[in-house]
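Below: one structure, written as structure tokens.
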Amino acid sequence: MAPELQSSSPRPCHHSYYTVGYALLPSKVSSVVQPSLVALAAEREVRLVAVDVTRPLAEQGPFDLLVHKMYGREWRAQLEEFSAVHPSVPVVDAPAAIDRLLDRASMLDAVSGLSASVGIAVPRQVVVNDADPDDLPALGALRFPLIAKPLAVDGSAESHEMRLVYRRDGLRGLRAPLVLQEFVNHGGVLYKIYVLGDRATCVRRGSLPDVPQNRLLDVDTEPSVPFANISNQPLPDAANGADMPPASFVDEVSRGLRQALGLHLFNFDMIRESEEHGCGQYFIIDINYFPGYAKMPGYESALTDFFLEMLPPATPVHAQLGPGSGLDIEARKLDPGPGIGLRKVESDRAQVELAV
Ligand SMILES: Nc1ncnc2c1ncn2[C@@H]1O[C@H](COP(=O)(O)OP(=O)(O)OP(=O)(O)O)[C@@H](O)[C@H]1O
Ligand SMILES: O=P(O)(O)O[C@H]1[C@H](O)[C@@H](O)[C@H](OP(=O)(O)O)[C@@H](OP(=O)(O)O)[C@H]1O
Ligand SMILES: [Mg+2]
Ligand SMILES: [Mg+2]
């Protein structure tokens with residue numbers, strides 16, 4: 001019989017997996033937590049466990065890592081309580097840092113903070129908080145066409161309902177709070193860059209076509225048109241030859257944003273101003289927290305790598321073999337070889353299991 005182990009934690013360890021808890025809305029679970037991810041993660045000893053958001057978070061687990069994308073004050077309170085009870089479990093990402101992306105007024109601030117040498121910009125925009133956009137005192141230096149975007153990004157379908165506004169009378173009837181952002185002609189191609197910790201993967205998507213100057217003056221046409229979720233469109237054939245941005249540029253912008261935002265899990269939408277309308281300047285127009293990673297090629301392995309990298313380094317745990325034996329063992333993850341070996345160091349790295 002195996003000698004009884006005394007660990008410094010009261011919780012017994014029953015398995016040899018790292019446990020990643022995830023708190024996500026059902027739509028995000030079905031888009032990201034696909035069987036292919038669960039299977040690949042399991043092969044690498046990572047178990048994905050859904051948080052039950054109807055129960056106190058601090059009582060659930062044990063988790064080695066917690067990832068989340070939930071909205072609201074109650075959830076924030078749950079996270080705070082969880083971290084107070086389990087201070088050694090990393091929570092990805094910090095709610096305050098995520099908050100900046102949930103408001104289109106602050107979402108792109110981090111881009112302006114990147115060094116000028118990076119060569120990235122954001123379109124000019126104004127925030128309309130409560131005034132009727134129809135009688136905006138001034139649009140400042142903004143030039144039509146504009147995109148009207150809802151201010152709040154809260155996971156709702158409405159937060160993606162936009163309007164392309166060609167001229168001033170197209171502002172009539174828009175509902176504040178919103179952001180009016182200059183539309184940049186970009187040849188109908190959008191670059192979506194998925195960031196997962198240190199990794200950045202760029203994919204191309206379809207986007208809105210360029211707006212010719214004469215469209216702005218044609219009073220026989222609609223002054224504004226609605227659209228939504230346009231970047232879920234595949235790239236049109238005509239845009240297939242569009243160049244990818246240089247990998248070194250994508251990496252530099254991603255790294256800068258990751259640091260400025262203090263986030264690990266996000267994507268950003270980038271466009272390049274058409275040469276015929278400008279000088280090929282790159283713009284960032286949108287940043288999304290915990291996007292649809294399954295749309296990224298090879299996401300299963302990238303996400304699993306990320307989970308493993310985010311685990312805190314194994315803290316030496318000293319377990320005594322039998323009361324008073326005086327034999328200290330430093331526990332870390334070992335392959336269970338023949339005979340006695342220490343297997344998994346559980347959750348808060350204070351649990352040890354004997355494999356005999
Ligand atoms: N300033 C801009 N200039 C040109 N096109 C733009 C601009 N802003 C947005 N677009 C187009 O409108 C689409 C939707 O805008 P945006 O990305 O801000 O909305 P979203 O609903 O937050 O998108 P996502 O689904 O990526 O979260 C973009 O993918 C792009 O095709
Ligand atoms: O669920 P909300 O909070 O509305 O956020 C969405 C983002 O705005 C989109 O950018 C995500 O899609 P992409 O991964 O194609 O960007 C989209 O990913 P999804 O396809 O997993 O729903 C969502 O993350
Ligand atoms: Mg977008
Ligand atoms: Mg978005």
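Each chain in the structure tokens gets a letter, A, B and so on, in the order shown; residues start at 1 in every chain, and ligands are counted from 1 in the order they appear.
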
For range 247-264 of chain A, please output as an NGL selection string all residues within 10 Å (counting only C-alpha atoms; exclusion window: fewer than 6 positions along the same chain).
:A and (92-98 or 100-101 or 107-115 or 118-120 or 191 or 193-202 or 270 or 284 or 287 or 289-290 or 306 or 310)

Hey, could you make a per-residue contact list for chain A against ligand 4 with 10 Å as the cut-off, showing the nearest pair of atoms and its distance in Å to one decimal, counting only C-alpha atoms and all ligand atoms, sorted by chain and number, as a tab-separated table?
```
residue	atom	partner	partner_atom_place_in_ligand_line	distance
A:Leu101	CA	ligand 4	1 (Mg)	8.8
A:Leu102	CA	ligand 4	1 (Mg)	9.1
A:Arg104	CA	ligand 4	1 (Mg)	8.8
A:Met107	CA	ligand 4	1 (Mg)	9.6
A:Lys149	CA	ligand 4	1 (Mg)	9.8
A:Val153	CA	ligand 4	1 (Mg)	7.3
A:Asp154	CA	ligand 4	1 (Mg)	9.9
A:Gly155	CA	ligand 4	1 (Mg)	9.4
A:Ser159	CA	ligand 4	1 (Mg)	8.3
A:His160	CA	ligand 4	1 (Mg)	7.0
A:Asn229	CA	ligand 4	1 (Mg)	8.9
A:Ser231	CA	ligand 4	1 (Mg)	9.5
A:Asn267	CA	ligand 4	1 (Mg)	8.8
A:Phe268	CA	ligand 4	1 (Mg)	8.0
A:Asp269	CA	ligand 4	1 (Mg)	8.0
A:Ile285	CA	ligand 4	1 (Mg)	8.6
A:Asp286	CA	ligand 4	1 (Mg)	5.3
A:Ile287	CA	ligand 4	1 (Mg)	5.8
A:Asn288	CA	ligand 4	1 (Mg)	4.9
A:Tyr289	CA	ligand 4	1 (Mg)	8.3
A:Pro291	CA	ligand 4	1 (Mg)	8.7
```

Okay, now the selection with C-alpha atoms, as a CSV table (one decimal), in the first residue's frame?
```
chain,number,residue,atom,x,y,z
A,101,LEU,CA,-12.6,47.6,-24.8
A,102,LEU,CA,-16.2,47.7,-23.9
A,104,ARG,CA,-15.7,52.6,-28.3
A,107,MET,CA,-11.2,51.3,-27.1
A,149,LYS,CA,-21.0,52.9,-34.2
A,153,VAL,CA,-19.8,46.9,-26.8
A,154,ASP,CA,-21.7,44.6,-24.5
A,155,GLY,CA,-22.1,41.3,-26.4
A,159,SER,CA,-23.6,46.7,-30.4
A,160,HIS,CA,-22.6,45.6,-33.9
A,229,ASN,CA,-21.3,41.9,-38.9
A,231,SER,CA,-16.3,41.3,-41.4
A,267,ASN,CA,-8.1,40.6,-31.8
A,268,PHE,CA,-8.0,43.9,-33.7
A,269,ASP,CA,-9.2,45.0,-37.1
A,285,ILE,CA,-10.6,50.5,-36.3
A,286,ASP,CA,-11.8,47.9,-33.8
A,287,ILE,CA,-10.4,45.8,-30.9
A,288,ASN,CA,-12.4,42.9,-29.5
A,289,TYR,CA,-11.9,41.1,-26.3
A,291,PRO,CA,-12.8,37.0,-30.1
```

Residues of range 2-221 of chain A in strand (DSSP E) according to DSSP, as a ChimeraX atom specification?
/A:5-6,18-24,46-50,65-69,91-92,120-121,125-128,146-150,161-165,178-182,189-196,199-206

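Straight-line separation from atom 24 (P, counted along the ligand's line) of ligand 1 to CA of Gln125 in chain A: 17.5 Å.
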
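For the pair CA of Glu45 in chain A and CA of Val89 in chain A, the separation is 17.5 Å.
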
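For the residues A:Val46, A:Ile271, A:Leu65, A:Leu265, ranking by smallest atom-to-atom distance to ligand 3 using only C-alpha atoms and all ligand atoms places A:Ile271 first.
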
Which residue out of A:Gly292, A:Gly173, A:Gly140, A:Pro145 has the minimum interatomic distance to Ser31 in chain A when only C-alpha atoms are used?
A:Gly292

Using only C-alpha atoms, determine which residues lie at most 8 Å from Arg272 in chain A, disregarding the query and same-chain residues fewer than 3 positions distant; provide the list as a PyMOL selection string.
chain A and resi 186+190+280-283

Excluding same-chain residues fewer than 3 positions from Glu74 in chain A, what lies within 12 Å of it counting only C-alpha atoms, as a ChimeraX atom specification?
/A:53-57,70-71,77-81,95

Store the residues of this selection in a file with N, CA and C atoms, as a compact mmCIF listing (two decimals), in the first residue's frame.
```
# COMPACT_ATOMS: atom_id res chain seq x y z
N VAL A 53 -22.15 29.79 -13.86
CA VAL A 53 -22.28 31.19 -13.44
C VAL A 53 -23.47 31.42 -12.51
N THR A 54 -24.27 30.38 -12.29
CA THR A 54 -25.38 30.54 -11.35
C THR A 54 -24.94 30.24 -9.91
N ARG A 55 -23.70 29.75 -9.77
CA ARG A 55 -23.20 29.43 -8.43
C ARG A 55 -22.01 30.31 -8.09
N PRO A 56 -21.73 30.50 -6.79
CA PRO A 56 -20.58 31.35 -6.44
C PRO A 56 -19.30 30.79 -7.05
N LEU A 57 -18.58 31.66 -7.75
CA LEU A 57 -17.35 31.24 -8.45
C LEU A 57 -16.29 30.74 -7.47
N MET A 70 -17.38 37.76 -19.55
CA MET A 70 -18.75 37.93 -19.07
C MET A 70 -18.92 39.42 -18.80
N TYR A 71 -20.15 39.85 -18.79
CA TYR A 71 -20.38 41.28 -18.60
C TYR A 71 -21.09 41.53 -17.27
N ALA A 77 -17.69 41.28 -9.26
CA ALA A 77 -17.64 41.02 -7.82
C ALA A 77 -17.26 39.55 -7.58
N GLN A 78 -17.79 38.67 -8.39
CA GLN A 78 -17.46 37.23 -8.26
C GLN A 78 -15.97 37.01 -8.49
N LEU A 79 -15.44 37.69 -9.50
CA LEU A 79 -14.00 37.53 -9.81
C LEU A 79 -13.14 38.02 -8.65
N GLU A 80 -13.55 39.16 -8.10
CA GLU A 80 -12.77 39.70 -6.97
C GLU A 80 -12.76 38.73 -5.80
N GLU A 81 -13.92 38.17 -5.52
CA GLU A 81 -14.00 37.22 -4.42
C GLU A 81 -13.16 35.98 -4.73
N PRO A 95 -10.34 42.48 -15.23
CA PRO A 95 -11.58 43.16 -15.64
C PRO A 95 -11.38 44.63 -16.01
```

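With distances restricted to only C-alpha atoms, A:Ala294 is the closest residue to Lys28 in chain A from A:Ala41, A:Ala302, A:Ala157, A:Ala294.
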
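Among the candidate residues A:Pro226, A:Pro35, A:Gly61, A:Pro236, the one lying nearest to Tyr22 in chain A is A:Gly61, with distances computed using only C-alpha atoms.
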